[in-house]
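Beneath this line is the structure, given in structure tokens, with notes to follow.
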Amino acid sequence: MIVKVDFTGPVHKAWSESGHEIHAHTVIIATGASAKWLDIPGEERLQNLGVSACAVCDGFFFRKQDVAIVGGGDTAAEESTYLAKICKTVHLLVRRDEMRASKIMQERVVNTPNIVVHWNTSPVEVLGDDGVSGVRVKNNKTSEVSDLPITGFFVAIGHKPNTEIFKDWLTLDESGYIVATAGRTFTGIPAFACGDAQDKIIARR
């Protein structure tokens with residue numbers, strides 16, 4: 001794992017977490033992006049035990065079961081409609097009274113009979129011991145707390161690019177994505193950024 005870089009000279013330098021120093025004339029940055037998490041009780045403890053940030057990756061394990069997914073953007077809408085094809089019921093938790101998703105994606109959600117949209121609802125705790133057994137939610141308008149019995153909990157609130165070590169050397173946008181020449185991977189120096197380290201559209205999907 002590379003933890004530090006120095007792009008000041010014609011030869012780029014990179015250091016691994018073990019202290020190994022690497023020299024290169026050109027660097028390809030493919031560090032990707034990591035899913036954002038909610039940081040609520042039970043979420044980290046139950047990861048890989050029913051908590052996931054990728055419905056397409058893990059949805060199959062919850063076939064014909066009740067699941068919940070949190071988010072209001074295109075990713076949450078797309079993943080909830082995907083889950084609806086294989087799960088019994090999909091509880092979509094939207095923290096506001098409207099979704100940020102495109103109109104067509106919202107229409108798909110509303111027109112899918114086994115997706116139940118919970119407006120103004122925030123998850124406050126993922127429940128379960130050796131696996132997910134439910135999610136505790138709070139109504140953001142009434143502050144009422146209730147439990148939803150589910151076996152799978154999916155988080156779809158976006159991604160954060162893994163670009164922190166490049167902030168002193170490359171131009172990053174307000175979200176931390178590397179700024180490259182439009183439609184290309186060139187960063188302005190002999191360092192090329194690809195994938196969702198620089199393409200937020202890929203990261204959103």
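Within each chain, counting starts at residue 1; across the structure tokens, chains are named A, B, ... in the order shown, with ligands numbered 1 upward in that order.
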Looking only at the backbone, which of the residues in chain A does DSSP tag as strand (DSSP E), as a PDB file with N, CA and C atoms, in the first residue's frame?
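So states_25.pdb came out as:
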```
ATOM      1  N   ILE A   2       0.691   2.120  -0.988  1.00  0.00           N
ATOM      2  CA  ILE A   2       1.460   3.366  -1.060  1.00  0.00           C
ATOM      3  C   ILE A   2       0.832   4.395  -0.130  1.00  0.00           C
ATOM      4  N   VAL A   3       1.653   5.004   0.727  1.00  0.00           N
ATOM      5  CA  VAL A   3       1.136   5.931   1.734  1.00  0.00           C
ATOM      6  C   VAL A   3       1.663   7.356   1.565  1.00  0.00           C
ATOM      7  N   LYS A   4       2.655   7.540   0.665  1.00  0.00           N
ATOM      8  CA  LYS A   4       3.246   8.870   0.509  1.00  0.00           C
ATOM      9  C   LYS A   4       3.870   8.969  -0.878  1.00  0.00           C
ATOM     10  N   VAL A   5       3.772  10.169  -1.488  1.00  0.00           N
ATOM     11  CA  VAL A   5       4.402  10.392  -2.788  1.00  0.00           C
ATOM     12  C   VAL A   5       5.121  11.737  -2.781  1.00  0.00           C
ATOM     13  N   ASP A   6       6.044  11.892  -3.729  1.00  0.00           N
ATOM     14  CA  ASP A   6       6.755  13.153  -3.942  1.00  0.00           C
ATOM     15  C   ASP A   6       6.916  13.322  -5.448  1.00  0.00           C
ATOM     16  N   HIS A  12       9.552  10.648 -10.114  1.00  0.00           N
ATOM     17  CA  HIS A  12       8.570  10.594  -9.039  1.00  0.00           C
ATOM     18  C   HIS A  12       8.989   9.565  -7.987  1.00  0.00           C
ATOM     19  N   LYS A  13       8.621   9.869  -6.751  1.00  0.00           N
ATOM     20  CA  LYS A  13       8.934   8.970  -5.654  1.00  0.00           C
ATOM     21  C   LYS A  13       7.643   8.555  -4.948  1.00  0.00           C
ATOM     22  N   ALA A  14       7.629   7.316  -4.512  1.00  0.00           N
ATOM     23  CA  ALA A  14       6.490   6.803  -3.747  1.00  0.00           C
ATOM     24  C   ALA A  14       7.013   5.885  -2.658  1.00  0.00           C
ATOM     25  N   TRP A  15       6.362   5.935  -1.509  1.00  0.00           N
ATOM     26  CA  TRP A  15       6.767   5.107  -0.371  1.00  0.00           C
ATOM     27  C   TRP A  15       5.626   4.187   0.039  1.00  0.00           C
ATOM     28  N   SER A  16       5.969   2.945   0.293  1.00  0.00           N
ATOM     29  CA  SER A  16       4.973   1.986   0.755  1.00  0.00           C
ATOM     30  C   SER A  16       4.843   2.075   2.264  1.00  0.00           C
ATOM     31  N   GLU A  21      10.986   2.526  -0.839  1.00  0.00           N
ATOM     32  CA  GLU A  21      10.940   3.695  -1.710  1.00  0.00           C
ATOM     33  C   GLU A  21      11.014   3.257  -3.176  1.00  0.00           C
ATOM     34  N   ILE A  22      10.091   3.788  -3.970  1.00  0.00           N
ATOM     35  CA  ILE A  22      10.003   3.438  -5.385  1.00  0.00           C
ATOM     36  C   ILE A  22      10.217   4.692  -6.223  1.00  0.00           C
ATOM     37  N   HIS A  23      11.029   4.605  -7.279  1.00  0.00           N
ATOM     38  CA  HIS A  23      11.263   5.716  -8.202  1.00  0.00           C
ATOM     39  C   HIS A  23      10.664   5.370  -9.561  1.00  0.00           C
ATOM     40  N   ALA A  24      10.039   6.360 -10.209  1.00  0.00           N
ATOM     41  CA  ALA A  24       9.450   6.117 -11.524  1.00  0.00           C
ATOM     42  C   ALA A  24       9.364   7.425 -12.296  1.00  0.00           C
ATOM     43  N   VAL A  27       3.745   7.778 -13.380  1.00  0.00           N
ATOM     44  CA  VAL A  27       2.914   7.087 -12.395  1.00  0.00           C
ATOM     45  C   VAL A  27       1.480   7.006 -12.919  1.00  0.00           C
ATOM     46  N   ILE A  28       0.887   5.845 -12.819  1.00  0.00           N
ATOM     47  CA  ILE A  28      -0.528   5.673 -13.114  1.00  0.00           C
ATOM     48  C   ILE A  28      -1.265   5.528 -11.783  1.00  0.00           C
ATOM     49  N   ILE A  29      -2.211   6.420 -11.564  1.00  0.00           N
ATOM     50  CA  ILE A  29      -2.953   6.436 -10.302  1.00  0.00           C
ATOM     51  C   ILE A  29      -4.286   5.716 -10.502  1.00  0.00           C
ATOM     52  N   ALA A  33     -12.064   4.541  -5.298  1.00  0.00           N
ATOM     53  CA  ALA A  33     -12.855   5.279  -4.318  1.00  0.00           C
ATOM     54  C   ALA A  33     -13.468   4.285  -3.342  1.00  0.00           C
ATOM     55  N   SER A  34     -13.665   4.736  -2.126  1.00  0.00           N
ATOM     56  CA  SER A  34     -14.240   3.869  -1.090  1.00  0.00           C
ATOM     57  C   SER A  34     -15.647   4.335  -0.743  1.00  0.00           C
ATOM     58  N   ALA A  35     -16.496   3.396  -0.430  1.00  0.00           N
ATOM     59  CA  ALA A  35     -17.875   3.720  -0.058  1.00  0.00           C
ATOM     60  C   ALA A  35     -17.906   4.547   1.225  1.00  0.00           C
ATOM     61  N   VAL A  51     -24.390  -6.406   6.390  1.00  0.00           N
ATOM     62  CA  VAL A  51     -24.199  -4.995   6.032  1.00  0.00           C
ATOM     63  C   VAL A  51     -23.278  -4.922   4.825  1.00  0.00           C
ATOM     64  N   SER A  52     -23.683  -4.171   3.819  1.00  0.00           N
ATOM     65  CA  SER A  52     -22.926  -4.093   2.580  1.00  0.00           C
ATOM     66  C   SER A  52     -23.057  -2.704   1.967  1.00  0.00           C
ATOM     67  N   ASP A  66     -36.231  -9.808   3.281  1.00  0.00           N
ATOM     68  CA  ASP A  66     -36.523  -8.388   3.461  1.00  0.00           C
ATOM     69  C   ASP A  66     -35.220  -7.643   3.745  1.00  0.00           C
ATOM     70  N   VAL A  67     -34.976  -6.570   3.010  1.00  0.00           N
ATOM     71  CA  VAL A  67     -33.741  -5.809   3.171  1.00  0.00           C
ATOM     72  C   VAL A  67     -34.062  -4.320   3.230  1.00  0.00           C
ATOM     73  N   ALA A  68     -33.069  -3.530   3.622  1.00  0.00           N
ATOM     74  CA  ALA A  68     -33.191  -2.075   3.632  1.00  0.00           C
ATOM     75  C   ALA A  68     -31.987  -1.473   2.941  1.00  0.00           C
ATOM     76  N   ILE A  69     -32.206  -0.341   2.303  1.00  0.00           N
ATOM     77  CA  ILE A  69     -31.112   0.393   1.667  1.00  0.00           C
ATOM     78  C   ILE A  69     -31.302   1.865   1.976  1.00  0.00           C
ATOM     79  N   VAL A  70     -30.222   2.552   2.309  1.00  0.00           N
ATOM     80  CA  VAL A  70     -30.313   3.958   2.668  1.00  0.00           C
ATOM     81  C   VAL A  70     -29.643   4.806   1.598  1.00  0.00           C
ATOM     82  N   THR A  89     -38.982  -7.828   0.009  1.00  0.00           N
ATOM     83  CA  THR A  89     -39.342  -6.427   0.219  1.00  0.00           C
ATOM     84  C   THR A  89     -38.071  -5.603   0.370  1.00  0.00           C
ATOM     85  N   VAL A  90     -38.056  -4.421  -0.246  1.00  0.00           N
ATOM     86  CA  VAL A  90     -36.926  -3.506  -0.135  1.00  0.00           C
ATOM     87  C   VAL A  90     -37.420  -2.229   0.527  1.00  0.00           C
ATOM     88  N   HIS A  91     -36.883  -1.937   1.700  1.00  0.00           N
ATOM     89  CA  HIS A  91     -37.214  -0.705   2.411  1.00  0.00           C
ATOM     90  C   HIS A  91     -36.167   0.350   2.043  1.00  0.00           C
ATOM     91  N   LEU A  92     -36.589   1.367   1.303  1.00  0.00           N
ATOM     92  CA  LEU A  92     -35.682   2.441   0.911  1.00  0.00           C
ATOM     93  C   LEU A  92     -35.806   3.575   1.916  1.00  0.00           C
ATOM     94  N   LEU A  93     -34.715   3.848   2.639  1.00  0.00           N
ATOM     95  CA  LEU A  93     -34.716   4.875   3.677  1.00  0.00           C
ATOM     96  C   LEU A  93     -34.165   6.168   3.096  1.00  0.00           C
ATOM     97  N   ILE A 115     -40.946  -2.152  -3.396  1.00  0.00           N
ATOM     98  CA  ILE A 115     -40.094  -1.148  -2.753  1.00  0.00           C
ATOM     99  C   ILE A 115     -40.976  -0.252  -1.892  1.00  0.00           C
ATOM    100  N   VAL A 116     -40.669  -0.210  -0.611  1.00  0.00           N
ATOM    101  CA  VAL A 116     -41.392   0.656   0.325  1.00  0.00           C
ATOM    102  C   VAL A 116     -40.480   1.837   0.666  1.00  0.00           C
ATOM    103  N   VAL A 117     -40.902   3.029   0.287  1.00  0.00           N
ATOM    104  CA  VAL A 117     -40.088   4.220   0.545  1.00  0.00           C
ATOM    105  C   VAL A 117     -40.472   4.811   1.894  1.00  0.00           C
ATOM    106  N   HIS A 118     -39.478   5.010   2.743  1.00  0.00           N
ATOM    107  CA  HIS A 118     -39.680   5.627   4.056  1.00  0.00           C
ATOM    108  C   HIS A 118     -39.083   7.028   3.997  1.00  0.00           C
ATOM    109  N   THR A 121     -36.579   9.586   6.938  1.00  0.00           N
ATOM    110  CA  THR A 121     -36.210   8.493   7.836  1.00  0.00           C
ATOM    111  C   THR A 121     -34.703   8.274   7.831  1.00  0.00           C
ATOM    112  N   SER A 122     -34.121   8.220   9.018  1.00  0.00           N
ATOM    113  CA  SER A 122     -32.688   7.986   9.163  1.00  0.00           C
ATOM    114  C   SER A 122     -32.438   6.725   9.978  1.00  0.00           C
ATOM    115  N   PRO A 123     -31.529   5.870   9.529  1.00  0.00           N
ATOM    116  CA  PRO A 123     -31.157   4.714  10.349  1.00  0.00           C
ATOM    117  C   PRO A 123     -30.283   5.177  11.503  1.00  0.00           C
ATOM    118  N   VAL A 124     -30.530   4.642  12.689  1.00  0.00           N
ATOM    119  CA  VAL A 124     -29.734   5.037  13.852  1.00  0.00           C
ATOM    120  C   VAL A 124     -28.931   3.878  14.427  1.00  0.00           C
ATOM    121  N   GLU A 125     -29.308   2.634  14.076  1.00  0.00           N
ATOM    122  CA  GLU A 125     -28.561   1.474  14.558  1.00  0.00           C
ATOM    123  C   GLU A 125     -28.928   0.248  13.730  1.00  0.00           C
ATOM    124  N   VAL A 126     -27.901  -0.534  13.398  1.00  0.00           N
ATOM    125  CA  VAL A 126     -28.135  -1.820  12.746  1.00  0.00           C
ATOM    126  C   VAL A 126     -28.190  -2.874  13.844  1.00  0.00           C
ATOM    127  N   LEU A 127     -29.237  -3.671  13.837  1.00  0.00           N
ATOM    128  CA  LEU A 127     -29.468  -4.618  14.916  1.00  0.00           C
ATOM    129  C   LEU A 127     -29.047  -6.031  14.517  1.00  0.00           C
ATOM    130  N   GLY A 134     -32.313  -6.551  11.964  1.00  0.00           N
ATOM    131  CA  GLY A 134     -33.197  -5.399  11.830  1.00  0.00           C
ATOM    132  C   GLY A 134     -32.414  -4.111  11.787  1.00  0.00           C
ATOM    133  N   VAL A 135     -33.131  -3.012  11.579  1.00  0.00           N
ATOM    134  CA  VAL A 135     -32.518  -1.680  11.622  1.00  0.00           C
ATOM    135  C   VAL A 135     -33.449  -0.760  12.406  1.00  0.00           C
ATOM    136  N   ARG A 136     -32.878  -0.027  13.323  1.00  0.00           N
ATOM    137  CA  ARG A 136     -33.637   0.956  14.101  1.00  0.00           C
ATOM    138  C   ARG A 136     -33.611   2.279  13.350  1.00  0.00           C
ATOM    139  N   VAL A 137     -34.777   2.853  13.121  1.00  0.00           N
ATOM    140  CA  VAL A 137     -34.880   4.078  12.322  1.00  0.00           C
ATOM    141  C   VAL A 137     -35.591   5.164  13.117  1.00  0.00           C
ATOM    142  N   LYS A 138     -35.302   6.395  12.727  1.00  0.00           N
ATOM    143  CA  LYS A 138     -35.953   7.544  13.372  1.00  0.00           C
ATOM    144  C   LYS A 138     -36.604   8.411  12.312  1.00  0.00           C
ATOM    145  N   ASN A 139     -37.829   8.804  12.564  1.00  0.00           N
ATOM    146  CA  ASN A 139     -38.506   9.751  11.692  1.00  0.00           C
ATOM    147  C   ASN A 139     -37.962  11.140  11.979  1.00  0.00           C
ATOM    148  N   VAL A 145     -39.080   6.636  16.961  1.00  0.00           N
ATOM    149  CA  VAL A 145     -38.114   5.567  16.684  1.00  0.00           C
ATOM    150  C   VAL A 145     -38.849   4.237  16.567  1.00  0.00           C
ATOM    151  N   SER A 146     -38.484   3.452  15.567  1.00  0.00           N
ATOM    152  CA  SER A 146     -39.100   2.143  15.380  1.00  0.00           C
ATOM    153  C   SER A 146     -38.080   1.189  14.779  1.00  0.00           C
ATOM    154  N   ASP A 147     -38.375  -0.105  14.814  1.00  0.00           N
ATOM    155  CA  ASP A 147     -37.475  -1.129  14.288  1.00  0.00           C
ATOM    156  C   ASP A 147     -38.095  -1.799  13.066  1.00  0.00           C
ATOM    157  N   LEU A 148     -37.278  -1.971  12.025  1.00  0.00           N
ATOM    158  CA  LEU A 148     -37.687  -2.694  10.834  1.00  0.00           C
ATOM    159  C   LEU A 148     -36.996  -4.051  10.837  1.00  0.00           C
ATOM    160  N   GLY A 152     -30.784  -7.853   5.582  1.00  0.00           N
ATOM    161  CA  GLY A 152     -29.705  -7.210   4.828  1.00  0.00           C
ATOM    162  C   GLY A 152     -29.837  -5.707   4.880  1.00  0.00           C
ATOM    163  N   PHE A 153     -28.709  -5.025   5.076  1.00  0.00           N
ATOM    164  CA  PHE A 153     -28.703  -3.563   5.177  1.00  0.00           C
ATOM    165  C   PHE A 153     -27.656  -3.019   4.220  1.00  0.00           C
ATOM    166  N   PHE A 154     -28.095  -2.222   3.239  1.00  0.00           N
ATOM    167  CA  PHE A 154     -27.213  -1.701   2.203  1.00  0.00           C
ATOM    168  C   PHE A 154     -27.086  -0.180   2.321  1.00  0.00           C
ATOM    169  N   VAL A 155     -25.854   0.297   2.224  1.00  0.00           N
ATOM    170  CA  VAL A 155     -25.567   1.736   2.313  1.00  0.00           C
ATOM    171  C   VAL A 155     -25.209   2.241   0.928  1.00  0.00           C
ATOM    172  N   HIS A 159     -19.482   7.787  -2.568  1.00  0.00           N
ATOM    173  CA  HIS A 159     -18.110   7.314  -2.415  1.00  0.00           C
ATOM    174  C   HIS A 159     -17.153   8.477  -2.166  1.00  0.00           C
ATOM    175  N   LYS A 160     -16.031   8.152  -1.567  1.00  0.00           N
ATOM    176  CA  LYS A 160     -14.961   9.121  -1.352  1.00  0.00           C
ATOM    177  C   LYS A 160     -13.723   8.624  -2.077  1.00  0.00           C
ATOM    178  N   PRO A 161     -13.147   9.439  -2.986  1.00  0.00           N
ATOM    179  CA  PRO A 161     -11.969   8.981  -3.729  1.00  0.00           C
ATOM    180  C   PRO A 161     -10.765   8.808  -2.812  1.00  0.00           C
ATOM    181  N   ALA A 191       1.888  11.965 -14.556  1.00  0.00           N
ATOM    182  CA  ALA A 191       1.078  11.139 -13.654  1.00  0.00           C
ATOM    183  C   ALA A 191      -0.312  11.076 -14.266  1.00  0.00           C
ATOM    184  N   PHE A 192      -0.818   9.890 -14.424  1.00  0.00           N
ATOM    185  CA  PHE A 192      -2.088   9.694 -15.110  1.00  0.00           C
ATOM    186  C   PHE A 192      -3.089   9.057 -14.162  1.00  0.00           C
ATOM    187  N   ALA A 193      -4.261   9.685 -14.053  1.00  0.00           N
ATOM    188  CA  ALA A 193      -5.289   9.208 -13.123  1.00  0.00           C
ATOM    189  C   ALA A 193      -6.406   8.524 -13.889  1.00  0.00           C
TER     190      ALA A 193
END
```
List every residue of chain A that DSSP, applied to the backbone of this structure, places in alpha helix (DSSP H), and write the result as a list in words.
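Listing alpha helix (DSSP H) positions across chain A yields Ala55, Val56, Cys57, Asp58, Asp74, Thr75, Ala76, Ala77, Glu78, Glu79, Ser80, Thr81, Tyr82, Leu83, Ala84, Lys103, Ile104, Met105, Gln106, Glu107, Arg108, Val109, Val110, Lys200, Ile201, Ile202, Ala203 and Arg204 of chain A.
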Can I get the selected residues back with N, CA and C atoms, as a PDB file, in the first residue's frame?
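Output file part-v7.pdb follows:
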```pdb
ATOM      1  N   ALA A  55     -25.010  -3.484  -3.503  1.00  0.00           N
ATOM      2  CA  ALA A  55     -26.148  -4.372  -3.707  1.00  0.00           C
ATOM      3  C   ALA A  55     -25.900  -5.364  -4.834  1.00  0.00           C
ATOM      4  N   VAL A  56     -25.237  -4.907  -5.888  1.00  0.00           N
ATOM      5  CA  VAL A  56     -24.967  -5.783  -7.026  1.00  0.00           C
ATOM      6  C   VAL A  56     -24.023  -6.913  -6.614  1.00  0.00           C
ATOM      7  N   CYS A  57     -23.073  -6.592  -5.718  1.00  0.00           N
ATOM      8  CA  CYS A  57     -22.113  -7.602  -5.257  1.00  0.00           C
ATOM      9  C   CYS A  57     -22.767  -8.625  -4.333  1.00  0.00           C
ATOM     10  N   ASP A  58     -23.594  -8.154  -3.410  1.00  0.00           N
ATOM     11  CA  ASP A  58     -24.047  -9.008  -2.306  1.00  0.00           C
ATOM     12  C   ASP A  58     -25.545  -9.290  -2.287  1.00  0.00           C
ATOM     13  N   ASP A  74     -29.143   8.599  -7.329  1.00  0.00           N
ATOM     14  CA  ASP A  74     -29.298   7.625  -8.404  1.00  0.00           C
ATOM     15  C   ASP A  74     -28.784   6.243  -8.010  1.00  0.00           C
ATOM     16  N   THR A  75     -27.675   6.207  -7.244  1.00  0.00           N
ATOM     17  CA  THR A  75     -27.130   4.911  -6.834  1.00  0.00           C
ATOM     18  C   THR A  75     -28.129   4.153  -5.980  1.00  0.00           C
ATOM     19  N   ALA A  76     -28.713   4.814  -4.999  1.00  0.00           N
ATOM     20  CA  ALA A  76     -29.686   4.162  -4.127  1.00  0.00           C
ATOM     21  C   ALA A  76     -30.910   3.720  -4.914  1.00  0.00           C
ATOM     22  N   ALA A  77     -31.365   4.558  -5.843  1.00  0.00           N
ATOM     23  CA  ALA A  77     -32.527   4.208  -6.652  1.00  0.00           C
ATOM     24  C   ALA A  77     -32.228   3.007  -7.537  1.00  0.00           C
ATOM     25  N   GLU A  78     -31.066   3.015  -8.178  1.00  0.00           N
ATOM     26  CA  GLU A  78     -30.700   1.921  -9.060  1.00  0.00           C
ATOM     27  C   GLU A  78     -30.523   0.620  -8.287  1.00  0.00           C
ATOM     28  N   GLU A  79     -29.859   0.701  -7.127  1.00  0.00           N
ATOM     29  CA  GLU A  79     -29.617  -0.510  -6.357  1.00  0.00           C
ATOM     30  C   GLU A  79     -30.896  -1.044  -5.719  1.00  0.00           C
ATOM     31  N   SER A  80     -31.811  -0.157  -5.342  1.00  0.00           N
ATOM     32  CA  SER A  80     -33.066  -0.626  -4.758  1.00  0.00           C
ATOM     33  C   SER A  80     -33.912  -1.356  -5.796  1.00  0.00           C
ATOM     34  N   THR A  81     -33.926  -0.863  -7.045  1.00  0.00           N
ATOM     35  CA  THR A  81     -34.682  -1.552  -8.091  1.00  0.00           C
ATOM     36  C   THR A  81     -34.023  -2.882  -8.442  1.00  0.00           C
ATOM     37  N   TYR A  82     -32.698  -2.935  -8.362  1.00  0.00           N
ATOM     38  CA  TYR A  82     -32.002  -4.209  -8.577  1.00  0.00           C
ATOM     39  C   TYR A  82     -32.385  -5.212  -7.483  1.00  0.00           C
ATOM     40  N   LEU A  83     -32.335  -4.771  -6.228  1.00  0.00           N
ATOM     41  CA  LEU A  83     -32.670  -5.653  -5.112  1.00  0.00           C
ATOM     42  C   LEU A  83     -34.111  -6.130  -5.183  1.00  0.00           C
ATOM     43  N   ALA A  84     -34.986  -5.259  -5.694  1.00  0.00           N
ATOM     44  CA  ALA A  84     -36.406  -5.604  -5.765  1.00  0.00           C
ATOM     45  C   ALA A  84     -36.663  -6.817  -6.657  1.00  0.00           C
ATOM     46  N   LYS A 103     -35.351  12.054 -12.329  1.00  0.00           N
ATOM     47  CA  LYS A 103     -36.792  11.820 -12.370  1.00  0.00           C
ATOM     48  C   LYS A 103     -37.121  10.409 -12.832  1.00  0.00           C
ATOM     49  N   ILE A 104     -36.422   9.939 -13.845  1.00  0.00           N
ATOM     50  CA  ILE A 104     -36.722   8.607 -14.369  1.00  0.00           C
ATOM     51  C   ILE A 104     -36.405   7.519 -13.351  1.00  0.00           C
ATOM     52  N   MET A 105     -35.328   7.714 -12.559  1.00  0.00           N
ATOM     53  CA  MET A 105     -34.984   6.731 -11.542  1.00  0.00           C
ATOM     54  C   MET A 105     -36.007   6.759 -10.409  1.00  0.00           C
ATOM     55  N   GLN A 106     -36.485   7.945 -10.057  1.00  0.00           N
ATOM     56  CA  GLN A 106     -37.518   8.041  -9.030  1.00  0.00           C
ATOM     57  C   GLN A 106     -38.797   7.340  -9.474  1.00  0.00           C
ATOM     58  N   GLU A 107     -39.130   7.494 -10.749  1.00  0.00           N
ATOM     59  CA  GLU A 107     -40.337   6.844 -11.273  1.00  0.00           C
ATOM     60  C   GLU A 107     -40.208   5.328 -11.202  1.00  0.00           C
ATOM     61  N   ARG A 108     -39.030   4.821 -11.485  1.00  0.00           N
ATOM     62  CA  ARG A 108     -38.819   3.376 -11.404  1.00  0.00           C
ATOM     63  C   ARG A 108     -39.008   2.871  -9.984  1.00  0.00           C
ATOM     64  N   VAL A 109     -38.500   3.649  -9.021  1.00  0.00           N
ATOM     65  CA  VAL A 109     -38.653   3.263  -7.615  1.00  0.00           C
ATOM     66  C   VAL A 109     -40.126   3.241  -7.217  1.00  0.00           C
ATOM     67  N   VAL A 110     -40.829   4.327  -7.510  1.00  0.00           N
ATOM     68  CA  VAL A 110     -42.237   4.450  -7.115  1.00  0.00           C
ATOM     69  C   VAL A 110     -43.103   3.386  -7.779  1.00  0.00           C
ATOM     70  N   LYS A 200     -15.943  10.882 -11.251  1.00  0.00           N
ATOM     71  CA  LYS A 200     -16.973  10.765 -10.231  1.00  0.00           C
ATOM     72  C   LYS A 200     -18.244  10.109 -10.760  1.00  0.00           C
ATOM     73  N   ILE A 201     -18.418  10.073 -12.068  1.00  0.00           N
ATOM     74  CA  ILE A 201     -19.579   9.391 -12.631  1.00  0.00           C
ATOM     75  C   ILE A 201     -19.447   7.890 -12.421  1.00  0.00           C
ATOM     76  N   ILE A 202     -18.252   7.371 -12.675  1.00  0.00           N
ATOM     77  CA  ILE A 202     -17.997   5.947 -12.413  1.00  0.00           C
ATOM     78  C   ILE A 202     -18.194   5.666 -10.940  1.00  0.00           C
ATOM     79  N   ALA A 203     -17.657   6.527 -10.067  1.00  0.00           N
ATOM     80  CA  ALA A 203     -17.735   6.304  -8.628  1.00  0.00           C
ATOM     81  C   ALA A 203     -19.183   6.285  -8.147  1.00  0.00           C
ATOM     82  N   ARG A 204     -20.027   7.147  -8.716  1.00  0.00           N
ATOM     83  CA  ARG A 204     -21.423   7.187  -8.292  1.00  0.00           C
ATOM     84  C   ARG A 204     -22.151   5.899  -8.640  1.00  0.00           C
TER      85      ARG A 204
END
```
Which polymer residues have any atom within 8 Å of an atom of A:His25, counting only C-alpha atoms, with same-chain residues fewer than 5 positions away left out, as a list in words?
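Near A:His25, the qualifying residues are Pro10, Val11, His12 and Pro190 of chain A.
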Nearest to A:Cys54 among A:Lys167, A:Arg184, A:His20, A:Lys36, with distances taken over only C-alpha atoms: which residue is it?
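So, comparing all the options, the nearest one is A:Lys36.
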Between A:Asn48, A:Pro41, A:Asn120, A:Phe186, which residue has the minimum interatomic distance to A:Glu144, considering only C-alpha atoms?
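Closest residue, counting only C-alpha atoms: A:Asn120.
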Spatial neighbours of A:Leu170, max dist 9 Å, only C-alpha atoms, sep filter under 2 positions, as a list in words:
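Counting only C-alpha atoms, the residues come to Phe7, Phe166, Lys167, Asp168, Leu172, Ile178, Val179, Thr187, Gly188, Ile189 and Ala191 of chain A.
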Requested write-out: N, CA and C atoms of the selected residues, as an mmCIF file, in the first residue's frame:
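Output below, filename out_14.cif:
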```
data_model
loop_
_atom_site.group_PDB
_atom_site.id
_atom_site.type_symbol
_atom_site.label_atom_id
_atom_site.label_comp_id
_atom_site.auth_asym_id
_atom_site.auth_seq_id
_atom_site.Cartn_x
_atom_site.Cartn_y
_atom_site.Cartn_z
ATOM 1 N N PHE A 7 6.209 14.313 -5.999
ATOM 2 C CA PHE A 7 6.236 14.535 -7.444
ATOM 3 C C PHE A 7 6.998 15.805 -7.815
ATOM 4 N N PHE A 166 -2.308 12.591 -2.635
ATOM 5 C CA PHE A 166 -1.923 13.372 -3.813
ATOM 6 C C PHE A 166 -2.298 14.849 -3.713
ATOM 7 N N LYS A 167 -2.907 15.256 -2.593
ATOM 8 C CA LYS A 167 -3.457 16.605 -2.505
ATOM 9 C C LYS A 167 -2.403 17.702 -2.608
ATOM 10 N N ASP A 168 -1.161 17.428 -2.224
ATOM 11 C CA ASP A 168 -0.106 18.446 -2.295
ATOM 12 C C ASP A 168 0.593 18.463 -3.646
ATOM 13 N N LEU A 172 -7.082 18.666 -7.080
ATOM 14 C CA LEU A 172 -8.267 17.902 -6.734
ATOM 15 C C LEU A 172 -9.485 18.815 -6.764
ATOM 16 N N ILE A 178 -9.345 13.645 -8.586
ATOM 17 C CA ILE A 178 -8.220 14.230 -9.308
ATOM 18 C C ILE A 178 -8.722 14.884 -10.585
ATOM 19 N N VAL A 179 -8.268 16.112 -10.825
ATOM 20 C CA VAL A 179 -8.661 16.840 -12.028
ATOM 21 C C VAL A 179 -7.709 16.472 -13.156
ATOM 22 N N THR A 187 -2.765 14.522 -15.933
ATOM 23 C CA THR A 187 -2.951 15.441 -14.812
ATOM 24 C C THR A 187 -2.147 16.736 -14.946
ATOM 25 N N GLY A 188 -1.308 16.826 -15.983
ATOM 26 C CA GLY A 188 -0.465 18.007 -16.157
ATOM 27 C C GLY A 188 0.998 17.713 -15.930
ATOM 28 N N ILE A 189 1.285 16.623 -15.243
ATOM 29 C CA ILE A 189 2.649 16.134 -15.052
ATOM 30 C C ILE A 189 2.645 14.653 -15.451
ATOM 31 N N ALA A 191 1.888 11.965 -14.556
ATOM 32 C CA ALA A 191 1.078 11.139 -13.654
ATOM 33 C C ALA A 191 -0.312 11.076 -14.266
#
```
With distances taken over only C-alpha atoms, which of A:Arg100, A:Arg95, A:Lys141, A:Lys85 is nearest to A:Lys64?
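For A:Lys64, the nearest of the candidates is A:Lys85.
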Counting only C-alpha atoms, the residue of A:Thr185, A:Thr171, A:Asn162, A:Ser133 that sits nearest A:Leu46:
A:Ser133
To one decimal place, how far is atom CA of A:Glu43 from atom CA of A:Asp130 in Å?
12.5 Å
Residue with smallest distance to A:Ala197 - pool A:Tyr177, A:Phe60, A:Trp119, A:Trp169, counting only C-alpha atoms
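Of the candidates, the smallest distance to A:Ala197 is held by A:Tyr177.
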Between A:Ile86, A:Ala180, A:Ile165, A:Ala156, single out the one closest to A:Leu38, counting only C-alpha atoms.
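The shortest atom-to-atom distance to A:Leu38 comes from A:Ala156.
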Go ahead and compute the interatomic distance for atom CA of A:Leu49 and atom CA of A:Val132, in Å to one decimal.
6.6 Å
Between atom CA of A:Gly73 and atom CA of A:Glu98, what is the distance, to one decimal in Å?
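One can read the atom CA of A:Gly73 to atom CA of A:Glu98 distance as 9.9 Å.
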